[in-house]
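Pasted below: final-v2.txt, compact mmCIF, C-alpha atoms.
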# COMPACT_ATOMS: atom_id res chain seq x y z
CA MET A 1 93.11 35.75 99.49
CA ALA A 2 89.99 34.90 101.50
CA ALA A 3 90.01 31.88 103.83
CA THR A 4 87.67 28.93 103.23
CA CYS A 5 85.93 26.59 105.67
CA ASP A 6 87.82 23.54 104.44
CA PRO A 7 90.55 22.90 107.08
CA HIS A 8 92.58 20.81 104.64
CA LEU A 9 92.83 23.46 101.94
CA ILE A 10 95.84 25.72 101.76
CA ASN A 11 94.91 29.39 101.51
CA ALA A 12 96.79 32.64 101.92
CA GLU A 13 96.27 36.30 102.71
CA THR A 14 98.40 39.25 101.65
CA ARG A 15 99.38 42.61 103.17
CA THR A 16 101.59 45.24 101.57
CA GLN A 17 103.06 48.49 102.79
CA ALA A 18 105.01 50.98 100.73
CA SER A 19 108.07 53.20 101.34
CA PRO A 20 109.95 51.00 101.73
CA TYR A 21 107.87 48.24 100.23
CA PHE A 22 107.01 45.51 102.69
CA ILE A 23 105.34 42.34 101.43
CA GLU A 24 103.89 39.51 103.52
CA TRP A 25 102.35 36.25 102.41
CA THR A 26 100.76 34.12 105.13
CA VAL A 27 100.16 30.45 104.35
CA HIS A 28 97.59 28.63 106.50
CA ASN A 29 97.49 24.86 107.15
CA PHE A 30 101.16 24.90 106.38
CA LEU A 31 101.94 21.39 107.64
CA TYR A 32 99.22 19.78 105.59
CA PRO A 33 100.95 17.76 102.81
CA ILE A 34 101.63 20.02 99.85
CA THR A 35 101.28 17.97 96.71
CA ASN A 36 101.34 20.78 94.17
CA PRO A 37 103.39 23.97 93.97
CA VAL A 38 101.70 26.95 95.57
CA ASP A 39 102.27 30.46 94.29
CA SER A 40 101.16 33.74 95.74
CA PRO A 41 99.49 36.35 93.56
CA SER A 42 101.87 38.48 91.55
CA PHE A 43 102.21 41.74 93.45
CA THR A 44 102.81 44.77 91.27
CA LEU A 45 104.12 47.62 93.39
CA GLY A 46 105.02 51.16 92.50
CA ASP A 47 108.36 51.96 90.87
CA GLY A 48 108.11 48.96 88.54
CA VAL A 49 108.53 46.17 91.12
CA ASP A 50 106.81 42.80 90.62
CA CYS A 51 107.04 40.22 93.40
CA ARG A 52 105.80 36.65 93.84
CA PHE A 53 106.28 33.96 96.52
CA HIS A 54 106.52 30.24 95.81
CA LEU A 55 106.16 26.99 97.79
CA LYS A 56 107.06 23.60 96.37
CA TYR A 57 107.05 20.22 98.13
CA HIS A 58 109.60 17.54 97.37
CA VAL A 59 111.65 14.81 99.05
CA PHE A 60 115.33 15.48 99.55
CA SER A 61 117.72 13.00 101.26
CA ASN A 62 114.72 10.97 102.47
CA GLN A 63 113.25 14.03 104.18
CA GLU A 64 110.13 15.95 103.35
CA VAL A 65 111.19 19.38 102.28
CA VAL A 66 109.29 22.48 101.22
CA SER A 67 111.28 24.87 99.07
CA THR A 68 110.34 28.45 99.79
CA SER A 69 111.38 31.26 97.50
CA VAL A 70 110.43 34.69 96.28
CA THR A 71 110.93 36.06 92.78
CA VAL A 72 111.36 39.79 92.26
CA HIS A 73 111.33 41.40 88.82
CA TYR A 74 112.32 45.03 88.47
CA ARG A 75 111.05 46.79 85.35
CA CYS A 76 111.96 50.44 85.86
CA PRO A 77 115.03 51.59 83.88
CA GLY A 78 117.31 54.22 85.33
CA LYS A 79 116.70 53.29 88.99
CA VAL A 80 118.10 50.71 91.40
CA CYS A 81 116.09 48.27 93.52
CA TYR A 82 117.49 46.79 96.75
CA ILE A 83 115.99 43.72 98.45
CA ASP A 84 116.96 44.48 102.03
CA ARG A 85 115.51 41.64 104.13
CA LYS A 86 113.61 38.45 103.50
CA GLY A 87 112.59 35.43 105.56
CA PHE A 88 109.63 33.81 107.33
CA ARG A 89 108.07 33.86 110.81
CA ASN A 90 105.26 32.27 112.80
CA SER A 91 102.02 33.83 114.01
CA LYS A 92 103.63 34.99 117.27
CA GLN A 93 105.79 37.35 115.20
CA GLU A 94 108.88 35.40 116.22
CA ILE A 95 111.27 35.42 113.33
CA LYS A 96 112.10 31.79 112.65
CA GLU A 97 114.53 32.55 109.85
CA ASP A 98 115.72 35.92 108.65
CA TRP A 99 118.01 36.09 105.63
CA CYS A 100 119.17 39.61 106.50
CA ALA A 101 122.65 38.29 107.18
CA GLN A 102 123.10 38.16 103.43
CA PRO A 103 124.03 41.46 101.77
CA PRO A 104 121.17 43.34 100.10
CA LEU A 105 120.47 42.19 96.58
CA ARG A 106 120.96 45.01 94.08
CA MET A 107 118.85 45.02 90.92
CA GLU A 108 118.81 47.30 87.93
CA GLY A 109 115.94 47.77 85.50
CA GLY A 110 115.03 44.62 83.57
CA GLU A 111 116.62 42.19 86.05
CA THR A 112 114.96 39.27 87.85
CA VAL A 113 116.26 37.51 90.98
CA GLN A 114 115.01 34.53 92.96
CA PHE A 115 116.10 33.56 96.47
CA GLY A 116 114.88 31.32 99.29
CA THR A 117 115.57 28.30 101.47
CA ASN A 118 114.37 24.77 102.25
CA LEU A 119 112.14 23.96 105.23
CA HIS A 120 112.45 20.43 106.62
CA LEU A 121 108.91 19.51 107.69
CA SER A 122 110.01 16.68 109.97
CA LEU A 123 112.13 19.05 112.06
CA ILE A 124 109.31 21.58 112.30
CA SER A 125 106.77 18.89 113.22
CA ARG A 126 108.77 17.79 116.26
CA LYS A 127 108.20 21.18 117.86
CA LYS A 128 104.97 22.04 116.12
CA THR A 129 103.44 23.88 119.11
CA GLU A 130 106.53 26.04 119.46
CA ASN A 131 107.32 26.61 115.84
CA ILE A 132 103.93 26.86 114.17
CA PRO A 133 101.24 27.00 116.85
CA ASP A 134 98.34 27.59 114.46
CA ASN A 135 99.72 25.90 111.35
CA SER A 136 100.39 29.23 109.67
CA LEU A 137 103.67 30.65 108.49
CA THR A 138 104.30 34.10 107.07
CA PHE A 139 106.89 34.88 104.43
CA PHE A 140 108.07 38.45 104.12
CA CYS A 141 110.29 40.65 102.00
CA TYR A 142 111.48 44.26 102.33
CA ILE A 143 112.20 46.08 99.09
CA THR A 144 113.63 49.57 98.68
CA VAL A 145 113.74 51.45 95.41
CA VAL A 146 116.50 54.03 95.28
CA GLU A 147 116.31 57.04 93.01
CA GLU A 148 119.78 56.29 91.74
CA MET A 149 119.97 57.29 88.13
CA ILE A 150 122.24 55.01 86.17
CA ALA A 151 124.22 57.14 83.77
CA PRO A 152 124.49 55.61 80.31
CA ILE A 153 127.94 54.52 79.25
CA ASP A 154 129.56 57.11 77.04
CA LYS A 155 131.19 54.99 74.36
CA SER A 156 133.21 57.95 73.14
CA VAL A 157 134.92 58.13 76.53
CA LEU A 158 135.69 54.41 76.44
CA LEU A 159 137.14 54.70 72.94
CA ARG A 160 139.15 57.76 73.91
CA ASN A 161 140.58 55.97 76.95
CA MET A 162 141.41 52.92 74.86
CA ALA A 163 143.10 55.10 72.24
CA GLY A 164 145.12 56.73 75.01
CA ASP A 165 146.25 53.34 76.26
CA PHE A 166 147.28 52.22 72.78
CA GLU A 167 149.13 55.49 72.23
CA LYS A 168 151.43 54.57 75.10
CA GLU A 169 152.61 51.63 73.00
CA LEU A 170 153.22 53.74 69.90
CA TYR A 171 156.96 53.59 69.05
CA ASN A 172 157.56 51.43 72.17
CA SER A 173 160.63 49.39 71.27
CA LYS A 174 160.53 47.36 74.50
CA SER A 175 157.30 45.56 73.60
CA SER A 176 157.53 45.73 69.80
CA ASP A 177 157.93 42.61 67.67
CA VAL A 178 158.28 44.17 64.22
CA THR A 179 160.28 47.05 62.76
CA LEU A 180 159.23 49.28 59.88
CA GLU A 181 162.22 50.35 57.82
CA VAL A 182 161.40 53.74 56.27
CA GLU A 183 164.05 55.93 54.63
CA ASP A 184 166.82 56.22 57.22
CA GLU A 185 164.76 55.30 60.27
CA SER A 186 163.67 52.09 61.98
CA ILE A 187 160.25 52.46 63.59
CA PRO A 188 159.17 49.85 66.18
CA ALA A 189 155.61 48.51 66.00
CA HIS A 190 153.45 45.58 67.07
CA LYS A 191 152.21 42.91 64.69
CA ALA A 192 148.97 42.39 66.61
CA VAL A 193 147.98 46.04 66.27
CA LEU A 194 148.95 46.31 62.61
CA ALA A 195 147.21 43.05 61.71
CA ALA A 196 144.05 43.90 63.64
CA ARG A 197 143.70 47.25 61.91
CA SER A 198 144.88 46.46 58.39
CA PRO A 199 144.01 43.34 56.38
CA VAL A 200 147.13 43.95 54.29
CA PHE A 201 149.39 43.72 57.34
CA ALA A 202 147.35 40.74 58.58
CA ALA A 203 147.98 38.86 55.33
CA MET A 204 151.64 39.86 55.38
CA PHE A 205 152.21 38.43 58.87
CA ASP A 206 150.17 35.29 58.24
CA SER A 207 151.54 34.16 54.91
CA GLY A 208 155.11 33.15 55.68
CA MET A 209 156.45 36.17 53.81
CA SER A 210 159.90 37.48 54.60
CA GLU A 211 158.42 40.24 56.77
CA GLN A 212 156.91 37.65 59.08
CA LEU A 213 160.10 35.65 59.34
CA SER A 214 162.53 38.54 59.74
CA GLY A 215 160.36 40.91 61.76
CA HIS A 216 161.29 43.76 59.40
CA VAL A 217 159.03 45.53 56.91
CA ARG A 218 160.65 47.73 54.27
CA ILE A 219 158.43 50.62 53.11
CA SER A 220 159.97 52.49 50.20
CA ASP A 221 156.96 54.13 48.54
CA ILE A 222 155.68 56.23 51.49
CA LYS A 223 157.41 59.13 53.18
CA LYS A 224 158.65 58.68 56.73
CA GLU A 225 156.36 61.31 58.23
CA ALA A 226 153.37 59.79 56.48
CA VAL A 227 154.22 56.35 57.91
CA LYS A 228 154.32 57.82 61.40
CA GLU A 229 150.91 59.40 60.96
CA LEU A 230 149.67 56.12 59.53
CA LEU A 231 150.82 54.35 62.68
CA ARG A 232 149.16 56.97 64.86
CA PHE A 233 145.90 56.26 63.08
CA LEU A 234 146.33 52.49 63.48
CA TYR A 235 147.04 52.79 67.21
CA CYS A 236 144.88 55.77 68.21
CA CYS A 237 142.33 56.37 65.39
CA ARG A 238 143.76 59.86 65.16
CA VAL A 239 145.87 61.87 62.72
CA ASP A 240 147.59 64.94 64.14
CA ARG A 241 148.85 66.42 60.88
CA LEU A 242 146.03 65.63 58.51
CA GLN A 243 145.98 69.06 56.88
CA ASP A 244 149.67 68.80 56.00
CA MET A 245 149.86 65.07 55.31
CA ALA A 246 146.60 64.25 53.49
CA TYR A 247 148.25 64.10 50.04
CA ASP A 248 150.92 61.64 51.21
CA LEU A 249 148.62 59.72 53.55
CA LEU A 250 145.90 58.92 51.04
CA PRO A 251 148.06 56.52 48.96
CA ALA A 252 149.24 54.89 52.20
CA ALA A 253 145.65 54.43 53.38
CA ASP A 254 144.74 52.90 50.03
CA LYS A 255 147.76 50.61 50.04
CA TYR A 256 147.02 49.20 53.50
CA CYS A 257 143.24 49.07 52.97
CA LEU A 258 142.18 51.69 55.53
CA PRO A 259 138.96 53.14 54.09
CA ASP A 260 138.26 55.45 57.04
CA LEU A 261 141.67 57.08 56.81
CA LYS A 262 141.37 57.30 53.03
CA ASP A 263 138.02 59.03 53.37
CA MET A 264 139.44 61.47 55.91
CA CYS A 265 142.26 62.37 53.54
CA GLU A 266 139.94 62.73 50.55
CA ARG A 267 137.56 65.04 52.41
CA THR A 268 140.45 67.16 53.59
CA MET A 269 141.92 67.49 50.10
CA VAL A 270 138.56 68.46 48.59
CA ASN A 271 138.75 71.64 50.71
CA GLN A 272 142.38 72.29 49.78
CA ILE A 273 142.07 72.44 45.98
CA LYS A 274 143.78 75.41 44.37
CA VAL A 275 145.46 76.27 41.08
CA GLU A 276 148.84 74.95 42.18
CA ASN A 277 147.61 71.47 43.12
CA VAL A 278 144.45 70.85 41.10
CA PHE A 279 146.15 68.59 38.56
CA MET A 280 148.14 66.77 41.26
CA TYR A 281 144.94 66.07 43.13
CA LEU A 282 143.17 64.97 39.94
CA GLU A 283 145.98 62.57 39.15
CA LEU A 284 145.87 61.19 42.70
CA ALA A 285 142.10 60.82 42.53
CA ASN A 286 142.34 58.84 39.28
CA SER A 287 145.11 56.61 40.64
CA HIS A 288 143.28 55.72 43.86
CA GLN A 289 139.62 55.75 42.80
CA CYS A 290 138.67 58.86 44.80
CA ASP A 291 135.46 59.84 43.07
CA GLU A 292 134.60 62.81 45.28
CA LEU A 293 138.05 64.32 44.94
CA ARG A 294 137.97 63.83 41.19
CA LYS A 295 134.61 65.56 40.87
CA ALA A 296 135.82 68.42 43.03
CA THR A 297 138.89 69.01 40.87
CA ILE A 298 136.79 69.02 37.67
CA ARG A 299 134.39 71.50 39.24
CA TYR A 300 137.31 73.72 40.22
CA ILE A 301 138.81 73.66 36.69
CA LYS A 302 135.40 74.44 35.20
CA ALA A 303 134.88 77.33 37.60
CA ASN A 304 138.41 78.76 37.24
CA PRO A 305 139.52 78.16 33.62
CA LYS A 306 141.67 81.29 33.30
CA GLU A 307 143.55 80.66 36.53
CA VAL A 308 144.17 77.03 35.56
CA MET A 309 145.33 78.02 32.06
CA SER A 310 147.84 80.41 33.60
CA CYS A 311 149.69 77.58 35.34
CA GLY A 312 152.24 77.43 32.53
CA ALA A 313 153.38 74.96 29.90
CA ASP A 314 155.28 72.78 32.37
CA VAL A 315 152.13 71.87 34.26
CA PHE A 316 150.25 70.90 31.10
CA ARG A 317 153.23 68.98 29.80
CA THR A 318 153.53 67.02 33.06
CA HIS A 319 149.82 66.23 33.21
CA ALA A 320 149.11 66.10 29.47
CA TYR A 321 147.37 62.73 29.69
CA LEU A 322 144.78 64.28 32.05
CA LEU A 323 143.77 67.06 29.66
CA ALA A 324 141.68 64.80 27.42
CA ASP A 325 139.90 63.46 30.50
CA VAL A 326 139.20 66.98 31.74
CA PHE A 327 138.04 68.08 28.30
CA GLU A 328 135.56 65.20 28.07
CA GLU A 329 134.15 66.09 31.47
CA LEU A 330 133.76 69.74 30.53
CA VAL A 331 132.10 68.92 27.24
CA GLY A 332 129.78 66.51 28.97
CA VAL A 333 128.76 69.19 31.45
CA THR A 334 128.13 71.87 28.84
CA SER A 335 126.34 69.69 26.25
As C-alpha cells, the full file:
Amino acid sequence: MAATCDPHLINAETRTQASPYFIEWTVHNFLYPITNPVDSPSFTLGDGVDCRFHLKYHVFSNQEVVSTSVTVHYRCPGKVCYIDRKGFRNSKQEIKEDWCAQPPLRMEGGETVQFGTNLHLSLISRKKTENIPDNSLTFFCYITVVEEMIAPIDKSVLLRNMAGDFEKELYNSKSSDVTLEVEDESIPAHKAVLAARSPVFAAMFDSGMSEQLSGHVRISDIKKEAVKELLRFLYCCRVDRLQDMAYDLLPAADKYCLPDLKDMCERTMVNQIKVENVFMYLELANSHQCDELRKATIRYIKANPKEVMSCGADVFRTHAYLLADVFEELVGVTS
C-alpha cells in the first residue's frame, strides 16, 4: 500500500517471498490512536494459501491494548500447510516478539486458523525510541506448504478392523450377558450386540419378557449351525458357510428382521436351484416373501418340465398345494 503525506493516517506496505512463503506487513504511525480495526490486504499465495493480518484497538484492564493477529486459510486439498514462525519487529530488524517457541501450526485443506497477541501501548510508549524509533512495526509470518498427500480413509478397512474386534467377542462367555439355548448347546452372546443388529432382539430385551429377566433365549425353530452363522453375521457382518447354510439361514434372517442377510441367502439360493430342491425353494420363497427366489423357481420349472415331472409321486404329494400356483404362473406366461 502506498504511503500518504498525512502523518496521522495509518498506512501499510507489503512484501512477499515464496518457497517458503514469507509475508510481511509494515504498519506506519503505529502509536497513533487506532480507533477502527485495521486489516491488511488479503494475500493469495500459491498452493491455495490465503493470509490476512489484523489490528484492533481496545481497552483491557484499564490499559490501551492493540490486538494483533493473522488469519490463514488453506484451500488446497490433499496437501498440508505449516505455519512455522510468526511475530513482529521494529524497523531496526530487531525481533521484538517471535512466536516461534510455539510448535508449528499444521493445517489441512479447507481449514482456517487465527493466532496473535496483545500489545500494551503504554509499555511500548515508555521506551518509544528503543522499541519503535520511527513509529513503524512490521508483522511477519513464515508459511511452508508440504507436498504431503493425505490418503483418504478406506472405510472398508475400518469396517474390517471393527468386524475383527467384534469377532473376538463371538462366543466369549466371560463377557456375555445372555445365553442362547439351541438344541443341546448353550451359546454365550451379548445383549448389546444382538439388540443393536436386530430389532427383534432389541424388543425382546426391552419389553420385560422372560428372556430379559432370565438372560436365556430358547430357540427351537432354527438349527444349531444356522444360529452360529447368524451370530457370526450379527457380530462380523460375515457368513462363512453361506453356500451350505442359505436354506436354513433365510428363515432365521426373516425371523430376526435382518434384510441384508435374507437377501444374501436368497441370492445364493437362486443360483442353487435344481430338480431336487426346486419345490423346497418355492415353498420357502412363498413362506418368507422372497419374490426373486420364487420367480427363479418358476422359471426353472418352466424350462425343465420333464426333469421336474420325473421327481416322483412323493414330491408332488408333499408339495401338492404348490402345483396350482405353479400351473397358474405357467398359464399366465404362455397366454
Pick out the residues sitting within 10 Å of range 259-262 of chain A, and hand them over as a JSON list (two decimals) with C-alpha atoms, in the frame of the given file; count all atoms listed in the file, and ignore anything fewer than 2 positions along from it in its own chain.
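Done, and the output landed in part32.json:
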[["chain", "number", "residue", "atom", "x", "y", "z"],
["A", 198, "SER", "CA", 144.88, 46.46, 58.39],
["A", 230, "LEU", "CA", 149.67, 56.12, 59.53],
["A", 233, "PHE", "CA", 145.90, 56.26, 63.08],
["A", 234, "LEU", "CA", 146.33, 52.49, 63.48],
["A", 237, "CYS", "CA", 142.33, 56.37, 65.39],
["A", 238, "ARG", "CA", 143.76, 59.86, 65.16],
["A", 239, "VAL", "CA", 145.87, 61.87, 62.72],
["A", 242, "LEU", "CA", 146.03, 65.63, 58.51],
["A", 246, "ALA", "CA", 146.60, 64.25, 53.49],
["A", 249, "LEU", "CA", 148.62, 59.72, 53.55],
["A", 250, "LEU", "CA", 145.90, 58.92, 51.04],
["A", 251, "PRO", "CA", 148.06, 56.52, 48.96],
["A", 252, "ALA", "CA", 149.24, 54.89, 52.20],
["A", 253, "ALA", "CA", 145.65, 54.43, 53.38],
["A", 254, "ASP", "CA", 144.74, 52.90, 50.03],
["A", 255, "LYS", "CA", 147.76, 50.61, 50.04],
["A", 256, "TYR", "CA", 147.02, 49.20, 53.50],
["A", 257, "CYS", "CA", 143.24, 49.07, 52.97],
["A", 264, "MET", "CA", 139.44, 61.47, 55.91],
["A", 265, "CYS", "CA", 142.26, 62.37, 53.54],
["A", 266, "GLU", "CA", 139.94, 62.73, 50.55],
["A", 267, "ARG", "CA", 137.56, 65.04, 52.41],
["A", 268, "THR", "CA", 140.45, 67.16, 53.59],
["A", 288, "HIS", "CA", 143.28, 55.72, 43.86],
["A", 290, "CYS", "CA", 138.67, 58.86, 44.80]]
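Closest approach to Tyr82 in chain A among A:Ser40, A:His54, A:Ala285, A:Val145 is made by A:Val145 (distances from only C-alpha atoms).
Among the candidates A:Gly87, A:Pro37, A:Gly208, A:Pro133, the one nearest to Val66 in chain A when counting all atoms listed in the file is A:Pro37.
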- Message: Here is a test: counting all atoms listed in the file, which residue of A:Ser214, A:Asn29, A:Ser173, A:Ser186 is nearest to Val227 in chain A?
- Response: A:Ser186
- CA of Glu108 in chain A to CA of His73 in chain A: how many Å, to one decimal? 9.6 Å
- Expressed in Å to a single decimal, how great is the separation between CA of Val49 in chain A and CA of His28 in chain A? 25.8 Å
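The interatomic distance for the pair CA of Asn90 in chain A and CA of Ser67 in chain A works out to 16.7 Å.
Here the question is which of A:Val113, A:Leu119, A:Ala226, A:Cys51 gets nearest to Trp25 in chain A using only C-alpha atoms, and that residue is A:Cys51.
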Tell me, as a tab-separated table (two decimals) with C-alpha atoms, in the coordinates of the input, which residues lie within 9 Å of Phe30 in chain A, counting only C-alpha atoms; anything in the same chain fewer than 6 positions away does not count.
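Final output, saved to result.tsv:
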chain	number	residue	atom	x	y	z
A	10	ILE	CA	95.84	25.72	101.76
A	132	ILE	CA	103.93	26.86	114.17
A	134	ASP	CA	98.34	27.59	114.46
A	135	ASN	CA	99.72	25.90	111.35
A	136	SER	CA	100.39	29.23	109.67
A	137	LEU	CA	103.67	30.65	108.49
- Note on the structure: In terms of only C-alpha atoms, the residue from A:Ala192, A:Met245, A:Met269, A:Val72 at minimal distance from Val178 in chain A is A:Ala192
- Note on the structure: Judged by only C-alpha atoms, the minimum distance to Asn304 in chain A among A:Val275, A:Ala202, A:Cys236, A:Val70 is found for A:Val275
